[in-house]
Amino acid sequence: LHINCRRQNPTAPAFVYLYENPLIRPLNRDREALARYKKWFTWDGSLLDDARAIQLFYPNSLEVKEWNPPSARNLFCVHVASNKALAVVDERDLYSERLRIINWYENNAPQDFFLYGRGWDRPAAIPGRWGRICNQLRKIFSRIAPMRPPFRTWQGSVEDKIALLQRARFCIAYENCRDLPGYVTEKLFDCFRAGCVPIYIGPKEIKDLVPPECFIDGRQFQNPAKLNEFLRNVSDADYVCYQESIKQFLLSLKARNFSQEHFAQVIVQTILQNEK
């Protein structure tokens, strides 16, 4: 079982789990390269017209515990991610949208925003091939001559993301890219596990996969100011309604396709049925 498509031909009948999205790893949508595998486990809806493709979403823990109520959540809005950028320039890029929100809070309401993750002691990463070179040079220079962190809302890296989200009311949980069919990652489900309400953008069909009452759709806001205005008007009663919707979803059969148990079961059963 290979994790992501490889360039070399396998020496034995092989299967592949297409973990990374094709904007980061183009081979994962290269059908000529994928033809060397017996079965493709993939979340990517654009590949499902091939009989070898088996839809398999990212696996998540769907454990439901007692969650902190809104009154016990002292962090208004958080974002947890490393300072990265796409290696290609693409209109579906959401790194830039997340940065737009970060910059708005930096300039307008830094007391309400908490940025966590690695690499934010340097300027925001630049997309594209030349951007990758610039980003590497920045890393080197920052080790030689450490600079003042450019983001005052940055709180450093975090060891326990779920524990952090249990203290947060809202989380910017945009995927790395939008409009990739089936691309729903832990960014959404980590918030659900912690009873934190996510602001989310992902695949266009997300409301067919996850009830819209479970998250705040980031697409509806023209700019970060409108988003912040909306968040400020979410009452404690409204917040509890979001939490209840999340809980009902996690306990439902609809959520099972996103579970770790389903993920393992599909892979094991498929390989056993096709091992010869």
# chains A, B, ... in the order shown; residues from 1 in each chain; ligands from 1
>>> residues_around(residues="Ala225 of chain A", least_positions_apart="5", cutoff="10 Å", atoms="only C-alpha atoms", output="compact mmCIF listing (two decimals) with N, CA and C atoms, in the first residue's frame")
# COMPACT_ATOMS: atom_id res chain seq x y z
N ILE A 101 -7.50 37.17 6.38
CA ILE A 101 -8.18 37.27 7.68
C ILE A 101 -7.19 37.60 8.78
N TRP A 104 -6.31 41.23 8.64
CA TRP A 104 -7.39 42.10 9.10
C TRP A 104 -7.40 42.18 10.62
N TYR A 105 -7.30 41.05 11.27
CA TYR A 105 -7.30 41.06 12.74
C TYR A 105 -6.05 41.73 13.28
N ASN A 108 -6.96 45.43 12.96
CA ASN A 108 -8.23 45.96 13.45
C ASN A 108 -8.68 45.44 14.81
N ALA A 109 -8.38 44.20 15.12
CA ALA A 109 -8.84 43.64 16.40
C ALA A 109 -7.87 42.56 16.90
N PHE A 230 -20.33 39.23 11.87
CA PHE A 230 -21.21 38.08 12.06
C PHE A 230 -20.86 37.33 13.34
N LEU A 231 -19.57 37.07 13.54
CA LEU A 231 -19.14 36.32 14.73
C LEU A 231 -19.52 37.05 16.01
>>> residues_around(residues="Val184 of chain A", least_positions_apart="5", cutoff="9 Å", atoms="only C-alpha atoms", output="ChimeraX atom specification")
/A:43,57-58,175,189,202-203,206,258
>>> residues_around(residues="Asn103 of chain A", least_positions_apart="3", cutoff="12 Å", atoms="only C-alpha atoms", output="MDAnalysis selection string")
chainID A and resid 96:100 106:110 113:115 123:124 150:154 223:225
>>> write_last_selection(atoms="C-alpha atoms", output="CSV table (one decimal), in the first residue's frame")
chain,number,residue,atom,x,y,z
A,96,SER,CA,-4.1,33.6,0.8
A,97,GLU,CA,-7.6,33.9,2.1
A,98,ARG,CA,-6.5,32.8,5.5
A,99,LEU,CA,-3.7,35.4,5.4
A,100,ARG,CA,-6.3,38.0,4.5
A,106,GLU,CA,-3.7,42.2,13.1
A,107,ASN,CA,-4.7,45.7,12.0
A,108,ASN,CA,-8.2,46.0,13.5
A,109,ALA,CA,-8.8,43.6,16.4
A,110,PRO,CA,-5.6,41.9,17.5
A,113,PHE,CA,-7.5,36.8,17.4
A,114,PHE,CA,-5.0,34.1,18.3
A,115,LEU,CA,-2.6,32.7,15.7
A,123,PRO,CA,6.8,37.0,6.9
A,124,ALA,CA,4.0,35.1,5.3
A,150,PRO,CA,5.9,40.2,12.1
A,151,PHE,CA,2.6,38.9,13.4
A,152,ARG,CA,1.7,40.2,16.9
A,153,THR,CA,-1.2,37.8,17.2
A,154,TRP,CA,1.1,34.9,16.9
A,223,ASN,CA,-14.4,40.5,3.5
A,224,PRO,CA,-13.0,39.8,7.0
A,225,ALA,CA,-14.8,42.7,8.5
>>> atom_distance(atom1="atom CA of Asp93 of chain A", atom2="atom CA of Gln222 of chain A")
16.6 Å
>>> atom_distance(atom1="atom CA of Ile199 of chain A", atom2="atom CA of Leu18 of chain A")
25.9 Å
>>> atom_distance(atom1="atom CA of Tyr17 of chain A", atom2="atom CA of Cys177 of chain A")
19.2 Å
>>> select_by_dssp(residues="segment 27-175 of chain A", states="alpha helix (DSSP H)", output="ChimeraX atom specification")
/A:31-34,95-108,129-144,161-165
>>> write_last_selection(atoms="N, CA and C atoms", output="tab-separated table (two decimals), in the first residue's frame")
chain	number	residue	atom	x	y	z
A	31	ARG	N	-3.73	9.99	-14.25
A	31	ARG	CA	-4.32	8.67	-14.47
A	31	ARG	C	-3.34	7.69	-15.11
A	32	GLU	N	-2.43	8.19	-15.89
A	32	GLU	CA	-1.42	7.30	-16.47
A	32	GLU	C	-0.54	6.72	-15.38
A	33	ALA	N	-0.15	7.56	-14.42
A	33	ALA	CA	0.67	7.08	-13.31
A	33	ALA	C	-0.14	6.17	-12.39
A	34	LEU	N	-1.42	6.49	-12.20
A	34	LEU	CA	-2.26	5.69	-11.31
A	34	LEU	C	-2.59	4.32	-11.89
A	95	TYR	N	-4.70	29.49	1.18
A	95	TYR	CA	-3.68	30.05	2.07
A	95	TYR	C	-3.79	31.57	2.07
A	96	SER	N	-3.98	32.14	0.88
A	96	SER	CA	-4.05	33.60	0.76
A	96	SER	C	-5.30	34.15	1.44
A	97	GLU	N	-6.41	33.40	1.41
A	97	GLU	CA	-7.63	33.85	2.09
A	97	GLU	C	-7.45	33.83	3.60
A	98	ARG	N	-6.77	32.82	4.10
A	98	ARG	CA	-6.50	32.77	5.54
A	98	ARG	C	-5.60	33.94	5.94
A	99	LEU	N	-4.61	34.24	5.10
A	99	LEU	CA	-3.71	35.36	5.40
A	99	LEU	C	-4.47	36.68	5.39
A	100	ARG	N	-5.44	36.80	4.52
A	100	ARG	CA	-6.27	38.02	4.46
A	100	ARG	C	-6.98	38.24	5.79
A	101	ILE	N	-7.50	37.17	6.38
A	101	ILE	CA	-8.18	37.27	7.68
A	101	ILE	C	-7.19	37.60	8.78
A	102	ILE	N	-6.03	36.94	8.76
A	102	ILE	CA	-4.99	37.22	9.75
A	102	ILE	C	-4.62	38.69	9.73
A	103	ASN	N	-4.37	39.22	8.54
A	103	ASN	CA	-3.95	40.62	8.42
A	103	ASN	C	-5.04	41.58	8.89
A	104	TRP	N	-6.31	41.23	8.64
A	104	TRP	CA	-7.39	42.10	9.10
A	104	TRP	C	-7.40	42.18	10.62
A	105	TYR	N	-7.30	41.05	11.27
A	105	TYR	CA	-7.30	41.06	12.74
A	105	TYR	C	-6.05	41.73	13.28
A	106	GLU	N	-4.92	41.52	12.63
A	106	GLU	CA	-3.69	42.20	13.05
A	106	GLU	C	-3.88	43.71	13.09
A	107	ASN	N	-4.59	44.24	12.12
A	107	ASN	CA	-4.74	45.69	11.98
A	107	ASN	C	-5.96	46.26	12.67
A	108	ASN	N	-6.96	45.43	12.96
A	108	ASN	CA	-8.23	45.96	13.45
A	108	ASN	C	-8.68	45.44	14.81
A	129	ARG	N	6.83	28.75	-7.49
A	129	ARG	CA	8.19	28.20	-7.43
A	129	ARG	C	9.20	29.20	-6.91
A	130	TRP	N	9.11	30.45	-7.39
A	130	TRP	CA	10.03	31.46	-6.89
A	130	TRP	C	9.74	31.76	-5.43
A	131	GLY	N	8.48	31.67	-5.07
A	131	GLY	CA	8.13	31.86	-3.67
A	131	GLY	C	8.77	30.83	-2.78
A	132	ARG	N	8.85	29.59	-3.27
A	132	ARG	CA	9.48	28.53	-2.48
A	132	ARG	C	10.94	28.86	-2.20
A	133	ILE	N	11.63	29.40	-3.21
A	133	ILE	CA	13.03	29.78	-3.01
A	133	ILE	C	13.14	30.89	-1.98
A	134	CYS	N	12.28	31.91	-2.10
A	134	CYS	CA	12.29	33.02	-1.14
A	134	CYS	C	12.01	32.52	0.28
A	135	ASN	N	11.07	31.61	0.40
A	135	ASN	CA	10.72	31.09	1.72
A	135	ASN	C	11.88	30.36	2.36
A	136	GLN	N	12.63	29.58	1.56
A	136	GLN	CA	13.78	28.87	2.09
A	136	GLN	C	14.87	29.85	2.52
A	137	LEU	N	15.08	30.90	1.74
A	137	LEU	CA	16.08	31.90	2.11
A	137	LEU	C	15.70	32.60	3.41
A	138	ARG	N	14.42	32.88	3.58
A	138	ARG	CA	13.96	33.51	4.82
A	138	ARG	C	14.25	32.63	6.03
A	139	LYS	N	14.04	31.32	5.86
A	139	LYS	CA	14.31	30.39	6.96
A	139	LYS	C	15.78	30.46	7.36
A	140	ILE	N	16.65	30.47	6.35
A	140	ILE	CA	18.09	30.52	6.62
A	140	ILE	C	18.47	31.82	7.31
A	141	PHE	N	17.99	32.95	6.78
A	141	PHE	CA	18.33	34.25	7.35
A	141	PHE	C	17.80	34.40	8.77
A	142	SER	N	16.61	33.83	9.03
A	142	SER	CA	16.03	33.96	10.37
A	142	SER	C	16.84	33.22	11.42
A	143	ARG	N	17.56	32.17	11.00
A	143	ARG	CA	18.42	31.45	11.94
A	143	ARG	C	19.70	32.23	12.22
A	144	ILE	N	20.17	32.93	11.18
A	144	ILE	CA	21.40	33.71	11.33
A	144	ILE	C	21.14	34.99	12.12
A	161	LYS	N	-3.67	20.49	19.90
A	161	LYS	CA	-4.62	21.33	19.16
A	161	LYS	C	-6.03	21.21	19.72
A	162	ILE	N	-6.44	20.00	20.08
A	162	ILE	CA	-7.80	19.80	20.58
A	162	ILE	C	-8.01	20.55	21.89
A	163	ALA	N	-7.02	20.48	22.78
A	163	ALA	CA	-7.12	21.21	24.05
A	163	ALA	C	-7.23	22.71	23.80
A	164	LEU	N	-6.49	23.20	22.83
A	164	LEU	CA	-6.58	24.62	22.49
A	164	LEU	C	-7.97	24.97	21.97
A	165	LEU	N	-8.49	24.16	21.06
A	165	LEU	CA	-9.79	24.44	20.47
A	165	LEU	C	-10.92	24.34	21.49
>>> closest_residue(among="A:Ser82, A:Gln155, A:Thr185, A:Thr270", to="Gly119 of chain A", atoms="only C-alpha atoms")
A:Ser82
>>> closest_residue(among="A:Arg7, A:Pro69, A:Val64, A:His2", to="Ser235 of chain A", atoms="only C-alpha atoms")
A:Pro69
>>> select_by_dssp(residues="segment 30-272 of chain A", states="strand (DSSP E)", output="ChimeraX atom specification")
/A:39-42,53-55,75-80,113-116,168-172,197-200,216-217
>>> write_last_selection(atoms="N, CA and C atoms", output="JSON list (two decimals), in the first residue's frame")
[["chain", "number", "residue", "atom", "x", "y", "z"],
["A", 39, "LYS", "N", -6.03, -0.73, -7.06],
["A", 39, "LYS", "CA", -7.12, 0.08, -6.52],
["A", 39, "LYS", "C", -6.57, 1.39, -5.99],
["A", 40, "TRP", "N", -7.40, 2.44, -6.11],
["A", 40, "TRP", "CA", -7.01, 3.76, -5.62],
["A", 40, "TRP", "C", -7.97, 4.16, -4.51],
["A", 41, "PHE", "N", -7.48, 4.32, -3.32],
["A", 41, "PHE", "CA", -8.30, 4.84, -2.22],
["A", 41, "PHE", "C", -8.16, 6.36, -2.25],
["A", 42, "THR", "N", -9.26, 7.05, -2.45],
["A", 42, "THR", "CA", -9.16, 8.49, -2.65],
["A", 42, "THR", "C", -10.42, 9.23, -2.21],
["A", 53, "ALA", "N", -11.15, 3.29, -8.59],
["A", 53, "ALA", "CA", -11.19, 4.30, -7.53],
["A", 53, "ALA", "C", -12.24, 3.94, -6.49],
["A", 54, "ILE", "N", -11.86, 4.03, -5.22],
["A", 54, "ILE", "CA", -12.76, 3.79, -4.11],
["A", 54, "ILE", "C", -12.77, 5.04, -3.24],
["A", 55, "GLN", "N", -13.93, 5.65, -3.09],
["A", 55, "GLN", "CA", -13.99, 6.89, -2.31],
["A", 55, "GLN", "C", -13.71, 6.61, -0.84],
["A", 75, "LEU", "N", -10.93, 32.34, 24.25],
["A", 75, "LEU", "CA", -10.28, 32.75, 23.00],
["A", 75, "LEU", "C", -11.36, 32.99, 21.95],
["A", 76, "PHE", "N", -11.49, 34.22, 21.50],
["A", 76, "PHE", "CA", -12.60, 34.54, 20.60],
["A", 76, "PHE", "C", -12.47, 33.82, 19.26],
["A", 77, "CYS", "N", -11.34, 34.00, 18.58],
["A", 77, "CYS", "CA", -11.16, 33.36, 17.27],
["A", 77, "CYS", "C", -9.70, 32.94, 17.12],
["A", 78, "VAL", "N", -9.49, 31.71, 16.69],
["A", 78, "VAL", "CA", -8.13, 31.19, 16.54],
["A", 78, "VAL", "C", -7.91, 30.69, 15.12],
["A", 79, "HIS", "N", -6.65, 30.60, 14.78],
["A", 79, "HIS", "CA", -6.26, 29.93, 13.53],
["A", 79, "HIS", "C", -5.02, 29.10, 13.85],
["A", 80, "VAL", "N", -5.06, 27.82, 13.51],
["A", 80, "VAL", "CA", -3.96, 26.90, 13.82],
["A", 80, "VAL", "C", -3.45, 26.30, 12.52],
["A", 113, "PHE", "N", -7.96, 37.84, 18.27],
["A", 113, "PHE", "CA", -7.47, 36.80, 17.36],
["A", 113, "PHE", "C", -6.19, 36.19, 17.90],
["A", 114, "PHE", "N", -6.10, 34.86, 17.76],
["A", 114, "PHE", "CA", -4.96, 34.12, 18.31],
["A", 114, "PHE", "C", -4.44, 33.17, 17.23],
["A", 115, "LEU", "N", -3.23, 33.46, 16.77],
["A", 115, "LEU", "CA", -2.60, 32.71, 15.69],
["A", 115, "LEU", "C", -1.60, 31.71, 16.26],
["A", 116, "TYR", "N", -1.76, 30.44, 15.90],
["A", 116, "TYR", "CA", -0.87, 29.38, 16.37],
["A", 116, "TYR", "C", -0.30, 28.62, 15.17],
["A", 168, "ALA", "N", -11.55, 27.80, 22.57],
["A", 168, "ALA", "CA", -11.86, 28.79, 21.53],
["A", 168, "ALA", "C", -13.34, 28.77, 21.17],
["A", 169, "ARG", "N", -13.88, 29.96, 20.90],
["A", 169, "ARG", "CA", -15.26, 30.05, 20.41],
["A", 169, "ARG", "C", -15.32, 29.70, 18.92],
["A", 170, "PHE", "N", -14.41, 30.30, 18.16],
["A", 170, "PHE", "CA", -14.41, 30.11, 16.71],
["A", 170, "PHE", "C", -13.01, 29.77, 16.22],
["A", 171, "CYS", "N", -12.96, 29.08, 15.07],
["A", 171, "CYS", "CA", -11.68, 28.75, 14.46],
["A", 171, "CYS", "C", -11.77, 28.93, 12.95],
["A", 172, "ILE", "N", -10.78, 29.61, 12.37],
["A", 172, "ILE", "CA", -10.68, 29.69, 10.92],
["A", 172, "ILE", "C", -10.16, 28.34, 10.44],
["A", 197, "VAL", "N", -16.80, 26.05, 17.09],
["A", 197, "VAL", "CA", -17.53, 26.32, 15.84],
["A", 197, "VAL", "C", -16.54, 26.77, 14.76],
["A", 198, "PRO", "N", -16.43, 26.02, 13.67],
["A", 198, "PRO", "CA", -15.48, 26.39, 12.61],
["A", 198, "PRO", "C", -16.07, 27.35, 11.59],
["A", 199, "ILE", "N", -15.22, 28.24, 11.10],
["A", 199, "ILE", "CA", -15.53, 29.00, 9.90],
["A", 199, "ILE", "C", -14.83, 28.25, 8.78],
["A", 200, "TYR", "N", -15.58, 27.77, 7.81],
["A", 200, "TYR", "CA", -15.04, 26.75, 6.91],
["A", 200, "TYR", "C", -15.29, 27.07, 5.44],
["A", 216, "ILE", "N", -19.89, 27.58, 10.09],
["A", 216, "ILE", "CA", -20.16, 28.88, 9.48],
["A", 216, "ILE", "C", -19.48, 28.89, 8.11],
["A", 217, "ASP", "N", -20.24, 29.12, 7.07],
["A", 217, "ASP", "CA", -19.73, 29.08, 5.70],
["A", 217, "ASP", "C", -18.97, 30.36, 5.38]]
>>> residues_around(residues="segment 246-252 of chain A", least_positions_apart="3", cutoff="12 Å", atoms="only C-alpha atoms", output="number ranges by chain")
A: 60-67, 188-198, 209-216, 239-243, 255-259
>>> closest_residue(among="A:Leu48, A:Val88, A:Ile3, A:Ala173", to="Glu20 of chain A", atoms="only C-alpha atoms")
A:Ile3
>>> decode(residues="segment 179-246 of chain A", atoms="C-alpha atoms", output="PDB file, in the first residue's frame")
ATOM      1  CA  ASP A 179     -13.513  23.364  -4.772  1.00  0.00           C
ATOM      2  CA  LEU A 180     -11.708  20.008  -4.783  1.00  0.00           C
ATOM      3  CA  PRO A 181     -14.513  17.388  -4.713  1.00  0.00           C
ATOM      4  CA  GLY A 182     -14.429  15.390  -1.485  1.00  0.00           C
ATOM      5  CA  TYR A 183     -11.520  17.335   0.046  1.00  0.00           C
ATOM      6  CA  VAL A 184     -12.570  17.494   3.707  1.00  0.00           C
ATOM      7  CA  THR A 185      -9.722  17.167   6.210  1.00  0.00           C
ATOM      8  CA  GLU A 186      -9.070  17.231   9.928  1.00  0.00           C
ATOM      9  CA  LYS A 187      -9.316  21.031   9.870  1.00  0.00           C
ATOM     10  CA  LEU A 188     -13.101  20.707  10.140  1.00  0.00           C
ATOM     11  CA  PHE A 189     -13.265  17.626  12.340  1.00  0.00           C
ATOM     12  CA  ASP A 190     -10.699  18.819  14.895  1.00  0.00           C
ATOM     13  CA  CYS A 191     -13.056  21.711  15.595  1.00  0.00           C
ATOM     14  CA  PHE A 192     -15.982  19.317  15.898  1.00  0.00           C
ATOM     15  CA  ARG A 193     -14.094  17.129  18.397  1.00  0.00           C
ATOM     16  CA  ALA A 194     -13.503  20.154  20.602  1.00  0.00           C
ATOM     17  CA  GLY A 195     -17.012  21.606  20.315  1.00  0.00           C
ATOM     18  CA  CYS A 196     -15.530  24.683  18.637  1.00  0.00           C
ATOM     19  CA  VAL A 197     -17.529  26.320  15.845  1.00  0.00           C
ATOM     20  CA  PRO A 198     -15.485  26.385  12.613  1.00  0.00           C
ATOM     21  CA  ILE A 199     -15.530  29.004   9.899  1.00  0.00           C
ATOM     22  CA  TYR A 200     -15.041  26.750   6.909  1.00  0.00           C
ATOM     23  CA  ILE A 201     -14.410  26.738   3.168  1.00  0.00           C
ATOM     24  CA  GLY A 202     -13.740  23.491   1.321  1.00  0.00           C
ATOM     25  CA  PRO A 203     -15.424  21.559  -1.495  1.00  0.00           C
ATOM     26  CA  LYS A 204     -18.479  23.035  -3.178  1.00  0.00           C
ATOM     27  CA  GLU A 205     -20.610  20.081  -2.078  1.00  0.00           C
ATOM     28  CA  ILE A 206     -19.722  20.383   1.624  1.00  0.00           C
ATOM     29  CA  LYS A 207     -23.362  20.923   2.630  1.00  0.00           C
ATOM     30  CA  ASP A 208     -24.206  17.541   1.098  1.00  0.00           C
ATOM     31  CA  LEU A 209     -21.517  15.903   3.226  1.00  0.00           C
ATOM     32  CA  VAL A 210     -21.867  17.806   6.512  1.00  0.00           C
ATOM     33  CA  PRO A 211     -25.042  19.541   7.731  1.00  0.00           C
ATOM     34  CA  PRO A 212     -24.685  23.317   7.234  1.00  0.00           C
ATOM     35  CA  GLU A 213     -25.902  23.897  10.809  1.00  0.00           C
ATOM     36  CA  CYS A 214     -22.544  22.530  12.032  1.00  0.00           C
ATOM     37  CA  PHE A 215     -20.304  25.297  10.686  1.00  0.00           C
ATOM     38  CA  ILE A 216     -20.164  28.883   9.475  1.00  0.00           C
ATOM     39  CA  ASP A 217     -19.733  29.075   5.700  1.00  0.00           C
ATOM     40  CA  GLY A 218     -16.828  31.411   4.963  1.00  0.00           C
ATOM     41  CA  ARG A 219     -17.997  31.918   1.383  1.00  0.00           C
ATOM     42  CA  GLN A 220     -20.873  34.132   2.496  1.00  0.00           C
ATOM     43  CA  PHE A 221     -18.629  36.981   3.672  1.00  0.00           C
ATOM     44  CA  GLN A 222     -17.345  39.637   1.294  1.00  0.00           C
ATOM     45  CA  ASN A 223     -14.412  40.486   3.547  1.00  0.00           C
ATOM     46  CA  PRO A 224     -12.974  39.755   7.022  1.00  0.00           C
ATOM     47  CA  ALA A 225     -14.795  42.748   8.514  1.00  0.00           C
ATOM     48  CA  LYS A 226     -18.159  41.208   7.569  1.00  0.00           C
ATOM     49  CA  LEU A 227     -17.042  37.890   9.028  1.00  0.00           C
ATOM     50  CA  ASN A 228     -16.028  39.497  12.317  1.00  0.00           C
ATOM     51  CA  GLU A 229     -19.340  41.367  12.479  1.00  0.00           C
ATOM     52  CA  PHE A 230     -21.214  38.084  12.058  1.00  0.00           C
ATOM     53  CA  LEU A 231     -19.143  36.322  14.732  1.00  0.00           C
ATOM     54  CA  ARG A 232     -19.745  39.174  17.168  1.00  0.00           C
ATOM     55  CA  ASN A 233     -23.492  38.699  16.773  1.00  0.00           C
ATOM     56  CA  VAL A 234     -23.511  34.956  17.522  1.00  0.00           C
ATOM     57  CA  SER A 235     -25.249  34.732  20.905  1.00  0.00           C
ATOM     58  CA  ASP A 236     -24.496  32.076  23.509  1.00  0.00           C
ATOM     59  CA  ALA A 237     -27.822  30.444  22.645  1.00  0.00           C
ATOM     60  CA  ASP A 238     -26.896  30.384  18.948  1.00  0.00           C
ATOM     61  CA  TYR A 239     -23.525  28.921  19.835  1.00  0.00           C
ATOM     62  CA  VAL A 240     -25.075  26.075  21.812  1.00  0.00           C
ATOM     63  CA  CYS A 241     -27.266  25.318  18.778  1.00  0.00           C
ATOM     64  CA  TYR A 242     -24.135  24.931  16.651  1.00  0.00           C
ATOM     65  CA  GLN A 243     -22.670  22.598  19.266  1.00  0.00           C
ATOM     66  CA  GLU A 244     -25.820  20.499  19.411  1.00  0.00           C
ATOM     67  CA  SER A 245     -25.864  20.198  15.607  1.00  0.00           C
ATOM     68  CA  ILE A 246     -22.225  19.098  15.638  1.00  0.00           C
TER      69      ILE A 246
END
